[in-house]
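Enquirer: The file below is work.tsv, TSV, C-alpha atoms:
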chain	number	residue	atom	x	y	z
M	331	MET	CA	14.03	-64.66	11.74
M	332	THR	CA	14.54	-61.35	9.97
M	333	ARG	CA	17.36	-59.09	11.09
M	334	THR	CA	16.12	-55.57	11.84
M	335	VAL	CA	18.64	-52.81	12.56
M	336	LEU	CA	17.67	-49.48	14.10
M	337	VAL	CA	19.69	-46.47	12.92
M	338	ALA	CA	19.21	-43.27	14.92
M	339	ARG	CA	20.14	-39.73	13.89
M	340	LEU	CA	18.00	-37.17	15.65
M	341	ASP	CA	18.87	-33.71	14.35
M	342	SER	CA	18.29	-31.96	11.00
M	343	VAL	CA	18.07	-32.48	7.23
M	344	GLY	CA	21.77	-32.22	6.39
M	345	ASP	CA	22.76	-34.29	9.42
M	346	VAL	CA	20.52	-37.10	8.17
M	347	LEU	CA	21.57	-36.89	4.52
M	348	VAL	CA	25.25	-37.38	5.36
M	349	GLN	CA	24.34	-40.71	6.98
M	350	GLY	CA	23.48	-42.10	3.54
M	351	PRO	CA	26.62	-44.24	3.07
M	352	LEU	CA	26.24	-45.67	6.60
M	353	VAL	CA	22.58	-46.53	5.92
M	354	ARG	CA	23.41	-48.31	2.66
M	355	ALA	CA	26.16	-50.28	4.40
M	356	VAL	CA	23.76	-51.35	7.16
M	357	ALA	CA	21.05	-52.19	4.63
M	358	ALA	CA	23.46	-54.44	2.75
M	359	GLY	CA	23.80	-56.60	5.86
M	360	ALA	CA	20.29	-56.37	7.28
M	361	ASP	CA	16.82	-57.48	6.26
M	362	ARG	CA	15.19	-54.25	7.43
M	363	VAL	CA	16.43	-50.79	8.43
M	364	VAL	CA	14.29	-48.59	10.68
M	365	PHE	CA	15.53	-45.00	10.91
M	366	LEU	CA	14.79	-43.01	14.08
M	367	ALA	CA	14.84	-39.32	13.12
M	368	GLY	CA	14.02	-35.98	14.67
M	369	PRO	CA	11.06	-33.93	13.39
M	370	ALA	CA	13.31	-31.84	11.13
M	371	GLY	CA	15.16	-34.82	9.69
M	372	ALA	CA	12.38	-37.33	9.04
M	373	GLU	CA	11.62	-36.15	5.50
M	374	ALA	CA	15.31	-36.49	4.63
M	375	ALA	CA	15.43	-39.99	6.12
M	376	ARG	CA	12.63	-41.05	3.76
M	377	LEU	CA	14.84	-40.06	0.82
M	378	LEU	CA	17.72	-42.34	1.80
M	379	PRO	CA	18.19	-45.57	-0.17
M	380	GLY	CA	18.15	-48.52	2.21
M	381	VAL	CA	15.66	-47.11	4.72
M	382	ASP	CA	12.55	-49.28	5.08
M	383	GLU	CA	10.69	-47.32	7.76
M	384	VAL	CA	11.10	-43.92	9.44
M	385	TRP	CA	10.16	-43.15	13.03
M	386	THR	CA	10.03	-39.58	14.32
M	387	TRP	CA	10.92	-38.57	17.86
M	388	ALA	CA	11.81	-35.18	19.36
M	389	CYS	CA	14.97	-35.76	21.39
M	390	PRO	CA	15.50	-33.49	24.43
M	391	TRP	CA	19.32	-33.82	24.42
M	392	ILE	CA	19.97	-33.31	20.69
M	393	LEU	CA	17.58	-30.70	19.30
M	394	GLY	CA	18.63	-27.04	19.30
M	395	ASP	CA	15.18	-26.08	20.65
M	396	PRO	CA	14.68	-29.12	22.86
M	397	PRO	CA	11.43	-30.29	24.42
M	398	PRO	CA	11.45	-30.93	28.17
M	399	VAL	CA	12.45	-34.36	29.37
M	400	ASP	CA	9.22	-36.29	29.86
M	401	ALA	CA	9.22	-39.67	31.60
M	402	GLY	CA	6.10	-40.80	29.76
M	403	ASP	CA	7.57	-39.87	26.39
M	404	LEU	CA	10.76	-41.80	27.15
M	405	ALA	CA	8.72	-44.77	28.33
M	406	GLY	CA	6.71	-44.64	25.10
M	407	LEU	CA	9.85	-44.72	22.97
M	408	THR	CA	11.29	-47.52	25.06
M	409	GLU	CA	8.17	-49.64	24.63
M	410	ARG	CA	8.03	-48.97	20.90
M	411	VAL	CA	11.63	-50.14	20.49
M	412	ARG	CA	10.94	-53.15	22.69
M	413	THR	CA	8.05	-54.11	20.40
M	414	LEU	CA	10.20	-53.64	17.30
M	415	ALA	CA	12.84	-55.89	18.87
M	416	PRO	CA	15.74	-54.92	16.59
M	417	GLY	CA	18.72	-57.22	16.55
M	418	GLU	CA	20.97	-54.22	16.98
M	419	ALA	CA	21.19	-50.44	16.81
M	420	VAL	CA	23.72	-48.10	15.22
M	421	VAL	CA	23.79	-44.58	16.66
M	422	PRO	CA	25.80	-42.13	14.52
M	423	THR	CA	26.27	-38.73	16.12
M	424	SER	CA	28.13	-35.54	15.30
M	425	PHE	CA	31.45	-34.91	17.01
M	426	HIS	CA	29.85	-32.72	19.71
M	427	GLN	CA	26.99	-35.10	20.57
M	428	SER	CA	26.91	-38.02	22.98
M	429	PRO	CA	25.20	-41.27	21.98
M	430	LEU	CA	25.02	-42.48	25.56
M	431	PRO	CA	21.58	-41.14	26.64
M	432	LEU	CA	19.93	-42.84	23.67
M	433	ALA	CA	22.02	-45.95	24.24
M	434	LEU	CA	20.59	-46.12	27.75
M	435	VAL	CA	17.04	-45.95	26.37
M	436	LEU	CA	17.81	-48.61	23.77
M	437	ARG	CA	19.48	-50.89	26.31
M	438	THR	CA	16.47	-50.50	28.61
M	439	ALA	CA	14.30	-51.52	25.64
M	440	GLY	CA	16.28	-54.73	25.32
M	441	VAL	CA	18.40	-53.98	22.25
M	442	PRO	CA	21.14	-56.62	22.52
M	443	ARG	CA	23.87	-54.91	20.48
M	444	ILE	CA	24.53	-51.16	20.22
M	445	SER	CA	27.32	-49.44	18.28
M	446	ALA	CA	28.32	-45.77	18.49
M	447	ILE	CA	31.23	-43.35	18.43
M	448	SER	CA	31.93	-42.36	22.02
M	449	VAL	CA	34.65	-40.30	23.65
M	450	ASP	CA	33.12	-40.81	27.10
M	451	TYR	CA	33.39	-44.11	28.95
M	452	PRO	CA	30.20	-46.02	28.01
M	453	GLY	CA	30.21	-48.74	30.66
M	454	SER	CA	27.79	-51.45	29.55
M	455	LEU	CA	25.78	-49.15	27.28
M	456	LEU	CA	27.76	-49.92	24.11
M	457	ASP	CA	28.92	-53.17	22.61
M	458	VAL	CA	30.99	-51.40	19.95
M	459	ARG	CA	32.68	-48.23	21.18
M	460	HIS	CA	34.25	-46.70	18.08
M	461	ARG	CA	36.79	-43.88	18.09
M	462	VAL	CA	37.69	-41.72	15.09
M	463	ASP	CA	39.77	-38.77	13.94
M	464	ASP	CA	37.58	-35.71	14.43
M	465	ASP	CA	38.71	-34.19	11.12
M	466	LEU	CA	37.00	-36.85	9.02
M	467	PRO	CA	34.18	-35.62	6.73
M	468	GLU	CA	30.88	-36.51	8.36
M	469	PRO	CA	29.88	-39.17	5.76
M	470	GLU	CA	33.23	-40.93	6.21
M	471	ARG	CA	32.97	-40.64	9.98
M	472	ALA	CA	29.56	-42.31	9.93
M	473	LEU	CA	30.64	-45.00	7.47
M	474	SER	CA	33.61	-45.85	9.69
M	475	LEU	CA	31.12	-46.56	12.48
M	476	ALA	CA	29.12	-48.87	10.21
M	477	ARG	CA	32.29	-50.78	9.39
M	478	ALA	CA	33.25	-51.02	13.06
M	479	ALA	CA	29.79	-52.49	13.68
M	480	GLY	CA	30.38	-55.10	10.98
M	481	PHE	CA	28.61	-53.51	8.01
M	482	ASP	CA	30.16	-52.40	4.73
M	483	LEU	CA	29.03	-50.96	1.43
M	484	PRO	CA	28.07	-53.43	-1.27
M	485	ALA	CA	30.35	-53.90	-4.28
M	486	GLY	CA	30.07	-51.00	-6.70
M	487	ASP	CA	28.84	-48.45	-4.13
M	488	ASP	CA	31.17	-45.43	-4.28
M	489	GLY	CA	30.28	-44.18	-0.80
M	490	ARG	CA	28.91	-40.83	-1.95
M	491	LEU	CA	25.69	-39.24	-0.78
M	492	ALA	CA	22.55	-40.32	-2.61
M	493	VAL	CA	18.75	-40.07	-2.63
M	494	ARG	CA	16.08	-42.44	-3.85
M	495	ARG	CA	15.39	-42.35	-7.56
M	496	PRO	CA	13.43	-41.76	-9.70
M	497	LEU	CA	13.11	-38.17	-8.56
M	498	PRO	CA	9.75	-36.35	-8.70
M	499	ASP	CA	8.57	-34.96	-12.05
M	500	LEU	CA	8.55	-31.15	-11.85
M	501	ARG	CA	6.93	-30.45	-15.22
M	502	ASP	CA	3.72	-29.40	-13.50
M	503	LEU	CA	5.45	-27.04	-11.08
M	504	HIS	CA	3.92	-23.57	-11.41
M	505	THR	CA	5.40	-20.51	-9.79
M	506	GLY	CA	7.53	-17.54	-10.84
M	507	GLY	CA	8.26	-16.56	-14.47
M	508	ASP	CA	5.58	-16.27	-17.18
M	509	ARG	CA	1.91	-17.06	-16.70
M	510	GLY	CA	0.79	-20.56	-17.66
M	511	PRO	CA	-2.61	-21.43	-19.17
M	512	ASP	CA	-4.08	-21.99	-15.69
M	513	GLY	CA	-3.13	-18.48	-14.59
M	514	HIS	CA	-0.24	-19.58	-12.35
M	515	ARG	CA	3.28	-18.42	-13.06
M	516	CYS	CA	5.61	-21.17	-14.24
M	517	ALA	CA	9.35	-21.57	-14.02
M	518	ASP	CA	11.59	-22.56	-16.92
M	519	LEU	CA	12.99	-25.84	-15.62
M	520	ALA	CA	15.05	-26.81	-18.64
M	521	PRO	CA	18.34	-28.08	-17.15
M	522	GLY	CA	21.18	-25.62	-16.72
M	523	TYR	CA	19.75	-23.05	-14.31
M	524	VAL	CA	21.51	-21.89	-11.13
M	525	VAL	CA	19.78	-22.34	-7.78
M	526	VAL	CA	20.32	-19.79	-4.99
M	527	HIS	CA	19.18	-20.94	-1.56
M	528	PRO	CA	19.51	-17.97	0.83
M	529	GLY	CA	18.17	-19.43	4.06
M	530	ALA	CA	19.93	-21.49	6.71
M	531	SER	CA	18.68	-23.42	9.71
M	532	VAL	CA	21.24	-21.57	11.86
M	533	PRO	CA	21.39	-17.75	11.43
M	534	ALA	CA	25.19	-17.64	11.90
M	535	ARG	CA	25.55	-19.68	8.68
M	536	ALA	CA	23.42	-17.45	6.45
M	537	TRP	CA	24.77	-15.03	3.83
M	538	PRO	CA	22.99	-11.67	4.31
M	539	ALA	CA	19.80	-11.38	2.23
M	540	GLN	CA	20.98	-8.22	0.50
M	541	ARG	CA	24.12	-9.99	-0.68
M	542	CYS	CA	22.01	-12.90	-1.93
M	543	ALA	CA	19.83	-10.48	-3.90
M	544	GLU	CA	22.92	-8.84	-5.39
M	545	ALA	CA	24.19	-12.26	-6.43
M	546	VAL	CA	20.90	-13.12	-8.14
M	547	GLY	CA	21.15	-9.90	-10.18
M	548	ALA	CA	24.81	-10.48	-11.02
M	549	LEU	CA	24.17	-14.08	-12.06
M	550	ALA	CA	21.29	-12.93	-14.28
M	551	ASP	CA	23.55	-10.27	-15.81
M	552	ALA	CA	26.06	-13.04	-16.56
M	553	GLY	CA	23.41	-14.91	-18.54
M	554	HIS	CA	22.23	-17.47	-15.97
M	555	ARG	CA	18.63	-18.42	-15.25
M	556	VAL	CA	18.34	-18.15	-11.46
M	557	LEU	CA	15.82	-19.99	-9.28
M	558	VAL	CA	15.56	-19.04	-5.60
M	559	THR	CA	14.46	-21.71	-3.13
M	560	GLY	CA	13.40	-21.76	0.50
M	561	GLY	CA	11.02	-23.39	2.92
M	562	PRO	CA	7.42	-22.37	3.71
M	563	GLY	CA	8.63	-20.05	6.47
M	564	GLU	CA	11.08	-18.28	4.15
M	565	ARG	CA	8.71	-16.89	1.51
M	566	ALA	CA	9.42	-13.27	2.41
M	567	LEU	CA	13.16	-13.95	2.22
M	568	THR	CA	13.01	-15.72	-1.15
M	569	ALA	CA	10.75	-13.05	-2.64
M	570	ALA	CA	13.16	-10.31	-1.59
M	571	VAL	CA	16.19	-12.25	-2.87
M	572	ALA	CA	14.60	-13.22	-6.20
M	573	GLY	CA	13.35	-9.69	-6.90
M	574	THR	CA	12.62	-9.21	-10.60
M	575	ARG	CA	15.71	-11.06	-11.85
M	576	GLY	CA	15.19	-14.51	-10.34
M	577	VAL	CA	12.31	-16.98	-10.05
M	578	ASP	CA	10.91	-17.24	-6.54
M	579	LEU	CA	10.19	-20.85	-5.50
M	580	GLY	CA	9.95	-20.15	-1.78
M	581	GLY	CA	7.65	-22.64	-0.08
M	582	ALA	CA	6.76	-24.34	-3.36
M	583	LEU	CA	8.70	-27.58	-3.00
M	584	SER	CA	8.81	-30.65	-0.79
M	585	LEU	CA	12.27	-31.94	0.05
M	586	ALA	CA	11.94	-34.64	-2.63
M	587	GLU	CA	10.91	-32.01	-5.18
M	588	LEU	CA	13.81	-29.82	-4.13
M	589	SER	CA	16.14	-32.76	-4.80
M	590	ALA	CA	14.73	-32.99	-8.34
M	591	LEU	CA	15.18	-29.25	-8.84
M	592	LEU	CA	18.78	-29.38	-7.62
M	593	ASP	CA	19.42	-32.36	-9.88
M	594	GLY	CA	18.68	-30.19	-12.93
M	595	ALA	CA	20.85	-27.28	-11.80
M	596	ALA	CA	24.23	-26.38	-13.25
M	597	ALA	CA	25.29	-25.22	-9.79
M	598	VAL	CA	23.80	-24.40	-6.39
M	599	VAL	CA	24.71	-21.37	-4.28
M	600	VAL	CA	23.98	-22.19	-0.65
M	601	GLY	CA	25.26	-21.88	2.90
M	602	ASN	CA	26.17	-24.72	5.24
M	603	THR	CA	22.64	-26.06	5.53
M	604	GLY	CA	20.53	-29.03	4.43
M	605	PRO	CA	20.16	-28.19	0.71
M	606	ALA	CA	23.96	-28.10	0.35
M	607	HIS	CA	24.04	-31.79	1.27
M	608	LEU	CA	20.96	-32.46	-0.85
M	609	ALA	CA	22.79	-30.95	-3.84
M	610	ALA	CA	25.73	-33.25	-3.10
M	611	ALA	CA	23.35	-36.21	-2.90
M	612	VAL	CA	22.14	-35.57	-6.48
M	613	GLY	CA	25.65	-34.83	-7.76
M	614	THR	CA	25.29	-31.10	-8.41
M	615	PRO	CA	28.29	-28.73	-7.95
M	616	VAL	CA	28.05	-26.35	-5.00
M	617	VAL	CA	29.18	-22.81	-4.32
M	618	SER	CA	29.40	-23.14	-0.55
M	619	LEU	CA	28.99	-19.94	1.48
M	620	PHE	CA	30.60	-21.52	4.51
M	621	ALA	CA	30.70	-19.81	7.90
M	622	PRO	CA	33.56	-21.39	9.90
M	623	VAL	CA	31.55	-21.81	13.11
M	624	VAL	CA	31.94	-25.53	12.35
M	625	PRO	CA	34.88	-27.01	10.41
M	626	ALA	CA	34.60	-27.22	6.64
M	627	ALA	CA	36.78	-30.34	6.73
M	628	ARG	CA	33.84	-32.14	8.31
M	629	TRP	CA	30.82	-30.33	6.89
M	630	ALA	CA	31.60	-29.02	3.39
M	631	PRO	CA	29.49	-30.62	0.60
M	632	TYR	CA	30.81	-34.14	0.11
M	633	GLY	CA	31.87	-35.81	-3.10
M	634	VAL	CA	30.95	-33.07	-5.61
M	635	PRO	CA	32.90	-30.17	-7.15
M	636	THR	CA	32.75	-27.34	-4.61
M	637	VAL	CA	34.02	-23.77	-4.35
M	638	LEU	CA	34.25	-22.75	-0.70
M	639	LEU	CA	33.65	-19.04	-0.03
M	640	GLY	CA	33.92	-17.24	3.29
M	641	ASP	CA	36.76	-16.33	5.63
M	642	GLN	CA	37.64	-19.65	7.28
M	643	ASP	CA	39.92	-17.88	9.77
M	644	ALA	CA	37.32	-15.38	10.99
M	645	PRO	CA	37.00	-14.84	14.79
M	646	CYS	CA	33.87	-17.02	14.89
M	647	ARG	CA	35.92	-20.05	13.82
M	648	LEU	CA	34.92	-23.31	15.56
M	649	THR	CA	32.59	-21.60	18.05
M	650	ARG	CA	29.54	-23.64	16.94
M	651	ALA	CA	27.60	-20.39	17.40
M	652	ARG	CA	23.99	-20.30	16.24
M	653	GLU	CA	23.92	-16.49	16.23
M	654	CYS	CA	26.95	-14.69	14.81
M	655	PRO	CA	29.20	-13.68	17.75
M	656	VAL	CA	31.12	-11.08	15.72
M	657	PRO	CA	29.57	-7.69	14.78
M	658	GLY	CA	28.99	-7.39	11.05
M	659	HIS	CA	29.15	-11.14	10.33
M	660	PRO	CA	32.55	-10.67	8.63
M	661	CYS	CA	33.13	-14.31	7.67
M	662	LEU	CA	30.37	-14.08	5.05
M	663	THR	CA	29.89	-10.36	4.43
M	664	SER	CA	33.41	-10.47	3.01
M	665	VAL	CA	31.96	-12.50	0.09
M	666	THR	CA	30.68	-10.41	-2.84
M	667	ALA	CA	28.27	-11.08	-5.67
M	668	ALA	CA	31.24	-11.01	-8.05
M	669	ASP	CA	32.88	-13.78	-6.00
M	670	VAL	CA	29.76	-15.92	-6.42
M	671	VAL	CA	29.55	-15.33	-10.16
M	672	ALA	CA	33.21	-16.26	-10.55
M	673	ALA	CA	32.68	-19.43	-8.50
M	674	VAL	CA	29.65	-20.45	-10.55
M	675	GLU	CA	31.55	-19.83	-13.80
M	676	LYS	CA	34.42	-21.99	-12.51
M	677	LEU	CA	32.06	-24.87	-11.72
M	678	VAL	CA	29.98	-24.77	-14.89
M	679	SER	CA	33.02	-24.51	-17.13
M	680	ALA	CA	34.90	-27.38	-15.50
If you convert what's in this file into structure tokens, what do you get?

Expert:
Amino acid sequence: MTRTVLVARLDSVGDVLVQGPLVRAVAAGADRVVFLAGPAGAEAARLLPGVDEVWTWACPWILGDPPPVDAGDLAGLTERVRTLAPGEAVVPTSFHQSPLPLALVLRTAGVPRISAISVDYPGSLLDVRHRVDDDLPEPERALSLARAAGFDLPAGDDGRLAVRRPLPDLRDLHTGGDRGPDGHRCADLAPGYVVVHPGASVPARAWPAQRCAEAVGALADAGHRVLVTGGPGERALTAAVAGTRGVDLGGALSLAELSALLDGAAAVVVGNTGPAHLAAAVGTPVVSLFAPVVPAARWAPYGVPTVLLGDQDAPCRLTRARECPVPGHPCLTSVTAADVVAAVEKLVSA
């Protein structure tokens, strides 16, 4: 019989990417890994080495904009897991999330062994109740759960974040810059550019757009080619930030293509959001515009050279706020374009 393990992480892109070491550890001891992801994290799960299949499910107790609890939906998930019949499940969660509701669903579906980090008493819902120091970086926290469940990284695996390779070929990417022969504008993707990613999934973690635009101009003045990235819903933002000095790639890239773009960058300027962890997963240095609403010790880019900018003692510290609770957003408005240029220079000259 094959040994299938279900790994569940139900929130967003960055949350999924930092599970990479855990997934590789589980894959080293399993025949098949099925990853249960939320709608926002499924594309990231498909990038993780060791994942054989990705399921998508919108979880009503994890998502920031949760769907209503629906008995039929829960029954459908339960039956799907029952049909899969995994030998066990590993449920990594962030420090403020409980694994127990999902553990109940999985137990009801007949999963015989379930491992998770749990502060709350789990009764018979967990077979492995793991406890950790809350100040661990998220990838190490997750990997410690894998080890508690009996899985470990294979020899030679350094435990850093990673994505599947080879990465997509971006030579046919057309947008921004000079006009190509087909009439589209094309970006100069020779390695060594700087990527600025102004958006964030949580508004409290975003550097103001005007500051981002100032940084693009200052980086261009310092001699850097600057590419500005963002999702399909951020085209107006990326256009405003890129202006005439940067190349606007808003909405032009899939997550896999973005990983290839970040792989060719000298440095990435980004807030505490998914692309920061994607940059870490391809080994690119990060200028991290980090709002302290969550602790940098846990969520700063992992395993790559990083310059952390932002007032880590601002009044919003550790509030987990989605909208900035302090007028003027001082934790990040205190960061200037000159600060970003200096940080980039420090990283590229190292």

Enquirer: Counting all atoms listed in the file, note down every residue that has an atom within 7 Å of the point (24.1, -44.3, 11.3) (file coordinates), as a PyMOL selection string.

Expert: chain M and resi 337-339+349+352-353+420-422+472+476

Enquirer: Got a sec: who's within 12 Å of Pro397 in chain M, counting all atoms listed in the file, leaving out chain neighbours fewer than 6 positions off, as number ranges by chain?

Expert: M: 368-369, 387-391, 403-404

Enquirer: Would you pick out the contacts of range 549-562 of chain M at 6 Å or less, using only C-alpha atoms, so that residues sharing its chain but fewer than 2 positions from it are not included, and give the list as JSON, numbers by chain?

Expert: {"M": [523, 524, 525, 526, 527, 545, 546, 547, 564, 572, 576, 577, 578, 579, 580, 581, 671]}

Enquirer: Of the candidates M:Val335, M:Ala644, M:Val670, M:Ala548, which one gets nearest to Gly380 in chain M if we count all atoms listed in the file?

Expert: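 Selected residue with least distance to Gly380 in chain M: M:Val335.
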
Enquirer: Which is closer to Thr614 in chain M than all the others in M:Asp593, M:Asp361, M:Glu409, M:Asp464, using all atoms listed in the file?

Expert: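 Using all atoms listed in the file, Thr614 in chain M sits closest to M:Asp593.
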
Enquirer: Nearest to Val441 in chain M among M:Ala485, M:Leu336, M:Ala357, M:Val600, with distances taken over only C-alpha atoms: which residue is it?

Expert: M:Leu336

Enquirer: Could you check which of M:Pro379, M:Pro625, M:Gly402, M:Gly453 is closest to Phe365 in chain M, using all atoms listed in the file?

Expert: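 Of M:Pro379, M:Pro625, M:Gly402, M:Gly453, the one nearest Phe365 in chain M is M:Pro379, counting all atoms listed in the file.
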
Enquirer: Using all atoms listed in the file, which residue out of M:Leu592, M:Leu567, M:Ala626, M:Ala534 lies closest to Ala610 in chain M?

Expert: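 Closest residue, counting all atoms listed in the file: M:Leu592.
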
Enquirer: Counting only C-alpha atoms, what is within 10 Å of Asp450 in chain M, bar same-chain residues fewer than 4 positions away, as a list in words?

Expert: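 Once the nearby chain positions are removed, what remains is Ser428, Pro429, Leu430 and Arg459 of chain M.
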
Enquirer: Please measure the separation of CA of Leu585 in chain M and CA of Leu393 in chain M, giving the value in Å to one decimal.

Expert: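 A separation of 20.0 Å between them.
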
Enquirer: For range 633-644 of chain M, I'd like the enclosing box, axis-aligned and padded by 8 Å on every side, reported as JSON with centre and edge lengths in Å to one decimal.

Expert:
{"center_x": 35.4, "center_y": -25.6, "center_z": 1.9, "size_x": 25.0, "size_y": 36.4, "size_z": 34.1}

Enquirer: Please report the interatomic distance between CA of Pro484 in chain M and CA of Ala358 in chain M in Å with one decimal.

Expert: 6.2 Å

Enquirer: Would you list the contacts of Asp641 in chain M as a PyMOL selection string, taking every protein, DNA or RNA residue within 8 Å and counting all atoms listed in the file, but skipping same-chain residues closer than 5 positions in sequence?

Expert: chain M and resi 621-622+660-662+664

Enquirer: CA of Thr334 in chain M and CA of Val363 in chain M, how far apart in Å?

Expert: 5.9 Å
